[in-house]
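Student: Got target_26.txt for you, compact mmCIF, N, CA and C atoms:
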```txt
# COMPACT_ATOMS: atom_id res chain seq x y z
N MET A 1 288.57 196.17 223.38
CA MET A 1 287.32 196.18 222.65
C MET A 1 286.39 197.22 223.28
N LEU A 2 285.78 198.02 222.45
CA LEU A 2 284.83 199.02 222.91
C LEU A 2 283.43 198.40 222.91
N ILE A 3 282.81 198.34 224.08
CA ILE A 3 281.48 197.76 224.22
C ILE A 3 280.46 198.91 224.21
N PRO A 4 279.44 198.83 223.35
CA PRO A 4 278.42 199.89 223.32
C PRO A 4 277.64 199.96 224.64
N ARG A 5 276.95 201.05 224.85
CA ARG A 5 276.11 201.21 226.03
C ARG A 5 274.81 200.45 225.85
N LEU A 6 274.29 199.91 226.94
CA LEU A 6 273.00 199.24 226.91
C LEU A 6 271.89 200.28 226.79
N LYS A 7 270.84 199.93 226.05
CA LYS A 7 269.66 200.79 225.91
C LYS A 7 268.43 199.92 226.15
N LYS A 8 268.10 199.71 227.42
CA LYS A 8 267.01 198.80 227.78
C LYS A 8 265.65 199.42 227.54
N THR A 9 264.74 198.56 227.06
CA THR A 9 263.34 198.93 226.90
C THR A 9 262.48 197.85 227.54
N PRO A 10 261.33 198.21 228.08
CA PRO A 10 260.49 197.20 228.72
C PRO A 10 259.86 196.25 227.70
N ASP A 11 259.64 195.03 228.12
CA ASP A 11 258.92 194.04 227.31
C ASP A 11 258.10 193.20 228.25
N ARG A 12 256.80 193.35 228.20
CA ARG A 12 255.94 192.64 229.15
C ARG A 12 255.89 191.14 228.90
N TYR A 13 256.38 190.69 227.75
CA TYR A 13 256.38 189.26 227.44
C TYR A 13 257.72 188.58 227.72
N PHE A 14 258.70 189.33 228.18
CA PHE A 14 260.06 188.80 228.39
C PHE A 14 260.05 187.53 229.23
N ASP A 15 259.28 187.51 230.30
CA ASP A 15 259.26 186.35 231.20
C ASP A 15 258.46 185.17 230.65
N SER A 16 257.79 185.34 229.52
CA SER A 16 257.04 184.23 228.95
C SER A 16 257.93 183.29 228.12
N TYR A 17 259.16 183.69 227.89
CA TYR A 17 260.12 182.85 227.16
C TYR A 17 261.00 182.11 228.13
N THR A 18 261.46 180.94 227.74
CA THR A 18 262.33 180.16 228.62
C THR A 18 263.72 180.76 228.67
N THR A 19 264.44 180.45 229.71
CA THR A 19 265.81 180.90 229.84
C THR A 19 266.64 180.39 228.66
N ASN A 20 266.40 179.15 228.27
CA ASN A 20 267.13 178.56 227.15
C ASN A 20 266.87 179.33 225.85
N GLN A 21 265.62 179.70 225.60
CA GLN A 21 265.30 180.46 224.39
C GLN A 21 266.00 181.82 224.41
N LYS A 22 265.93 182.51 225.55
CA LYS A 22 266.57 183.81 225.65
C LYS A 22 268.08 183.69 225.47
N ALA A 23 268.68 182.66 226.05
CA ALA A 23 270.13 182.46 225.93
C ALA A 23 270.53 182.21 224.48
N LYS A 24 269.75 181.40 223.77
CA LYS A 24 270.06 181.12 222.36
C LYS A 24 269.89 182.36 221.49
N ILE A 25 268.92 183.19 221.80
CA ILE A 25 268.73 184.43 221.05
C ILE A 25 269.91 185.36 221.27
N VAL A 26 270.34 185.51 222.52
CA VAL A 26 271.49 186.36 222.83
C VAL A 26 272.74 185.85 222.12
N LYS A 27 272.98 184.55 222.19
CA LYS A 27 274.17 183.98 221.54
C LYS A 27 274.11 184.17 220.03
N GLY A 28 272.97 183.88 219.43
CA GLY A 28 272.84 184.02 217.99
C GLY A 28 273.08 185.44 217.52
N PHE A 29 272.64 186.40 218.31
CA PHE A 29 272.80 187.81 217.95
C PHE A 29 274.22 188.31 218.18
N LEU A 30 274.80 187.97 219.33
CA LEU A 30 276.13 188.48 219.68
C LEU A 30 277.27 187.76 218.98
N PHE A 31 277.08 186.48 218.67
CA PHE A 31 278.20 185.66 218.18
C PHE A 31 278.03 185.20 216.72
N ASP A 32 276.81 184.95 216.30
CA ASP A 32 276.58 184.22 215.05
C ASP A 32 275.98 185.05 213.92
N HIS A 33 275.92 186.37 214.09
CA HIS A 33 275.44 187.28 213.05
C HIS A 33 274.02 186.93 212.58
N LYS A 34 273.18 186.48 213.49
CA LYS A 34 271.81 186.13 213.12
C LYS A 34 270.89 187.32 213.36
N GLY A 35 269.99 187.52 212.41
CA GLY A 35 269.03 188.61 212.52
C GLY A 35 267.79 188.19 213.29
N HIS A 36 266.95 189.15 213.57
CA HIS A 36 265.75 188.91 214.37
C HIS A 36 264.80 187.90 213.72
N CYS A 37 264.57 188.01 212.42
CA CYS A 37 263.67 187.08 211.74
C CYS A 37 264.20 185.65 211.83
N GLN A 38 265.49 185.51 211.62
CA GLN A 38 266.11 184.19 211.68
C GLN A 38 266.01 183.62 213.10
N LEU A 39 266.20 184.45 214.11
CA LEU A 39 266.11 183.99 215.50
C LEU A 39 264.68 183.62 215.87
N ASP A 40 263.70 184.39 215.40
CA ASP A 40 262.30 184.03 215.64
C ASP A 40 262.01 182.64 215.08
N THR A 41 262.54 182.37 213.90
CA THR A 41 262.29 181.08 213.25
C THR A 41 263.04 179.95 213.94
N GLU A 42 264.35 180.10 214.10
CA GLU A 42 265.19 179.02 214.61
C GLU A 42 265.03 178.76 216.10
N VAL A 43 264.86 179.78 216.89
CA VAL A 43 264.83 179.61 218.34
C VAL A 43 263.40 179.54 218.88
N LEU A 44 262.53 180.41 218.38
CA LEU A 44 261.17 180.47 218.92
C LEU A 44 260.18 179.62 218.15
N GLY A 45 260.60 179.08 217.00
CA GLY A 45 259.73 178.21 216.21
C GLY A 45 258.58 178.95 215.53
N LEU A 46 258.78 180.23 215.27
CA LEU A 46 257.76 181.06 214.63
C LEU A 46 258.15 181.32 213.18
N ASP A 47 257.22 181.83 212.41
CA ASP A 47 257.54 182.25 211.05
C ASP A 47 258.13 183.65 211.16
N GLY A 48 259.44 183.75 211.09
CA GLY A 48 260.14 185.00 211.28
C GLY A 48 259.75 186.09 210.30
N TYR A 49 259.27 185.70 209.13
CA TYR A 49 258.86 186.71 208.16
C TYR A 49 257.49 187.27 208.51
N LYS A 50 256.64 186.45 209.12
CA LYS A 50 255.34 186.96 209.57
C LYS A 50 255.50 187.81 210.82
N THR A 51 256.38 187.39 211.73
CA THR A 51 256.58 188.15 212.97
C THR A 51 257.49 189.34 212.75
N ARG A 52 258.18 189.33 211.61
CA ARG A 52 259.14 190.38 211.24
C ARG A 52 260.26 190.51 212.28
N GLY A 53 260.47 189.42 213.04
CA GLY A 53 261.55 189.41 214.02
C GLY A 53 261.25 190.16 215.29
N TRP A 54 260.01 190.57 215.49
CA TRP A 54 259.67 191.38 216.65
C TRP A 54 259.86 190.65 217.97
N LYS A 55 259.61 189.35 217.99
CA LYS A 55 259.68 188.61 219.26
C LYS A 55 261.11 188.57 219.80
N SER A 56 262.05 188.13 218.99
CA SER A 56 263.44 188.09 219.45
C SER A 56 263.99 189.50 219.59
N GLY A 57 263.57 190.40 218.72
CA GLY A 57 264.01 191.79 218.83
C GLY A 57 263.59 192.41 220.16
N ASN A 58 262.38 192.11 220.60
CA ASN A 58 261.92 192.62 221.89
C ASN A 58 262.73 192.06 223.05
N ILE A 59 263.09 190.78 222.96
CA ILE A 59 263.92 190.17 224.01
C ILE A 59 265.27 190.88 224.07
N LEU A 60 265.87 191.09 222.92
CA LEU A 60 267.19 191.74 222.87
C LEU A 60 267.11 193.19 223.37
N ARG A 61 266.07 193.91 222.96
CA ARG A 61 265.94 195.30 223.40
C ARG A 61 265.65 195.38 224.90
N HIS A 62 264.91 194.42 225.42
CA HIS A 62 264.66 194.38 226.87
C HIS A 62 265.99 194.27 227.64
N LEU A 63 266.91 193.52 227.08
CA LEU A 63 268.23 193.35 227.69
C LEU A 63 269.15 194.54 227.41
N GLY A 64 268.74 195.41 226.49
CA GLY A 64 269.55 196.57 226.14
C GLY A 64 270.46 196.37 224.95
N LEU A 65 270.31 195.23 224.27
CA LEU A 65 271.19 194.88 223.15
C LEU A 65 270.61 195.42 221.85
N THR A 66 271.18 196.50 221.37
CA THR A 66 270.76 197.14 220.13
C THR A 66 271.60 196.64 218.97
N ARG A 67 271.36 197.17 217.80
CA ARG A 67 272.09 196.73 216.60
C ARG A 67 273.60 196.92 216.73
N ASP A 68 274.03 197.82 217.60
CA ASP A 68 275.47 198.03 217.81
C ASP A 68 276.16 196.79 218.36
N PHE A 69 275.39 195.90 218.95
CA PHE A 69 275.95 194.69 219.55
C PHE A 69 275.97 193.51 218.58
N LYS A 70 275.28 193.62 217.45
CA LYS A 70 275.17 192.47 216.55
C LYS A 70 276.54 191.98 216.12
N ASN A 71 276.79 190.69 216.38
CA ASN A 71 278.00 189.99 215.99
C ASN A 71 279.26 190.55 216.65
N ILE A 72 279.12 191.27 217.74
CA ILE A 72 280.27 191.91 218.39
C ILE A 72 281.29 190.88 218.91
N PHE A 73 280.81 189.68 219.22
CA PHE A 73 281.71 188.66 219.75
C PHE A 73 282.01 187.55 218.74
N ASN A 74 281.90 187.85 217.47
CA ASN A 74 282.26 186.88 216.44
C ASN A 74 283.74 186.50 216.62
N GLY A 75 284.01 185.22 216.71
CA GLY A 75 285.37 184.75 216.89
C GLY A 75 285.79 184.59 218.34
N TYR A 76 284.96 185.04 219.26
CA TYR A 76 285.23 184.89 220.69
C TYR A 76 284.56 183.62 221.21
N SER A 77 285.10 183.08 222.27
CA SER A 77 284.39 182.01 222.97
C SER A 77 283.38 182.67 223.90
N VAL A 78 282.38 181.91 224.33
CA VAL A 78 281.40 182.44 225.27
C VAL A 78 282.09 182.86 226.56
N ASP A 79 283.05 182.06 227.02
CA ASP A 79 283.78 182.40 228.26
C ASP A 79 284.55 183.71 228.12
N ASP A 80 285.18 183.93 226.99
CA ASP A 80 285.91 185.18 226.77
C ASP A 80 284.96 186.38 226.74
N ALA A 81 283.81 186.19 226.13
CA ALA A 81 282.82 187.27 226.07
C ALA A 81 282.30 187.60 227.47
N ILE A 82 282.09 186.58 228.28
CA ILE A 82 281.62 186.80 229.66
C ILE A 82 282.65 187.61 230.44
N VAL A 83 283.91 187.25 230.32
CA VAL A 83 284.98 187.98 231.01
C VAL A 83 285.01 189.43 230.54
N THR A 84 284.88 189.64 229.24
CA THR A 84 284.87 191.00 228.69
C THR A 84 283.71 191.80 229.28
N LEU A 85 282.51 191.22 229.32
CA LEU A 85 281.35 191.92 229.85
C LEU A 85 281.46 192.17 231.35
N GLN A 86 282.09 191.25 232.07
CA GLN A 86 282.27 191.43 233.51
C GLN A 86 283.18 192.61 233.82
N ASN A 87 284.05 192.94 232.89
CA ASN A 87 285.00 194.03 233.10
C ASN A 87 284.48 195.40 232.66
N VAL A 88 283.27 195.44 232.11
CA VAL A 88 282.68 196.71 231.70
C VAL A 88 282.17 197.43 232.95
N THR A 89 282.57 198.68 233.11
CA THR A 89 282.18 199.43 234.30
C THR A 89 281.06 200.44 234.04
N THR A 90 280.72 200.66 232.79
CA THR A 90 279.73 201.68 232.46
C THR A 90 278.29 201.18 232.52
N ASP A 91 278.08 199.88 232.41
CA ASP A 91 276.73 199.30 232.41
C ASP A 91 276.73 197.99 233.19
N ASP A 92 275.54 197.55 233.58
CA ASP A 92 275.38 196.29 234.28
C ASP A 92 274.94 195.21 233.28
N PHE A 93 275.85 194.35 232.91
CA PHE A 93 275.58 193.28 231.95
C PHE A 93 275.21 191.96 232.63
N SER A 94 274.82 191.99 233.89
CA SER A 94 274.58 190.76 234.64
C SER A 94 273.50 189.88 234.02
N GLU A 95 272.43 190.47 233.49
CA GLU A 95 271.37 189.66 232.85
C GLU A 95 271.92 188.94 231.62
N VAL A 96 272.68 189.64 230.82
CA VAL A 96 273.25 189.05 229.60
C VAL A 96 274.26 187.96 229.99
N ILE A 97 275.08 188.24 230.98
CA ILE A 97 276.08 187.27 231.46
C ILE A 97 275.39 186.02 231.97
N ASN A 98 274.33 186.19 232.76
CA ASN A 98 273.59 185.03 233.30
C ASN A 98 273.04 184.16 232.19
N LEU A 99 272.53 184.79 231.13
CA LEU A 99 272.00 184.02 230.00
C LEU A 99 273.12 183.29 229.26
N LEU A 100 274.26 183.94 229.07
CA LEU A 100 275.38 183.29 228.39
C LEU A 100 275.92 182.12 229.20
N GLN A 101 275.86 182.22 230.51
CA GLN A 101 276.35 181.14 231.37
C GLN A 101 275.42 179.92 231.31
N CYS A 102 274.22 180.09 230.81
CA CYS A 102 273.27 178.97 230.68
C CYS A 102 273.55 178.09 229.46
N LEU A 103 274.41 178.55 228.59
CA LEU A 103 274.68 177.80 227.35
C LEU A 103 275.58 176.60 227.60
```
Output the file's structure as structure tokens, nothing else.

Tutor:
Amino acid sequence: MLIPRLKKTPDRYFDSYTTNQKAKIVKGFLFDHKGHCQLDTEVLGLDGYKTRGWKSGNILRHLGLTRDFKNIFNGYSVDDAIVTLQNVTTDDFSEVINLLQCL
């Protein structure tokens, strides 16, 4: 499997979300084909159409997860995805791995 490169951007609100919220957003995006608006609604309890998905989108971009990663692990178990990310040598996926391990 070819894993895209991370493209991290700063988000000053990243630490204001719980680890559980961030983990659910990462899982929903990587595994469940959920969009930013849907994640804002289901995970953060916001009106995703009013927020336009910016809150969860900012969390994902802070981690470096761009649209190239959406649904990349569909059909994989979380454990298999973690092993795959641990074997990537081009980027440091430790933050994403730590969040997936919280599930």

Student: For atom N of Asp11 (chain A) and atom C of Tyr76 (chain A), quote the distance in Å rounded to one decimal.

Tutor: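 Pair atom N of Asp11 (chain A) / atom C of Tyr76 (chain A) returns 28.3 Å.
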
Student: Find the residues around Ser56 (chain A) up to 6 Å (all atoms listed in the file counted), leave out those fewer than 2 positions away in its own chain, and share them as a list in words.

Tutor: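 Those residues are His36, Leu39, Asp40, Gly53, Trp54, Asn58, Ile59, Leu60 and Arg61 of chain A.
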
Student: Assign secondary structure with DSSP using the backbone only, and return the residues of chain A in alpha helix (DSSP H) as a VMD selection string.

Tutor: chain A and resid 19 to 30 36 to 42 48 to 51 54 to 63 78 to 86 94 to 101

Student: When you draw a straight line from CA of Val43 (chain A) to CA of Gln21 (chain A), how long is it in Å?

Tutor: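 According to the coordinates, CA of Val43 (chain A) and CA of Gln21 (chain A) are separated by 6.1 Å.
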
Student: Rounded to one decimal, what separation in Å do you get between CA of Gly45 (chain A) and CA of Tyr17 (chain A)?

Tutor: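 Calculated distance between CA of Gly45 (chain A) and CA of Tyr17 (chain A) is 11.9 Å.
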
Student: Find the residue from A:Ala23, A:Asp80, A:Gln38, A:Pro4 that sits nearest to Asn98 (chain A); use all atoms listed in the file when measuring.

Tutor: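 Result for the nearest residue to Asn98 (chain A): A:Ala23.
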
Student: Looking at A:Leu30, A:Ile25, A:Leu46, A:Leu100, which one is nearest to Gly75 (chain A), with distances taken over only N, CA and C atoms?

Tutor: A:Leu30

Student: From the options A:Thr9, A:Gln101, A:Gln86, A:Asn71, which residue's atoms come nearest to Gly28 (chain A), counting only C-alpha atoms?

Tutor: A:Asn71
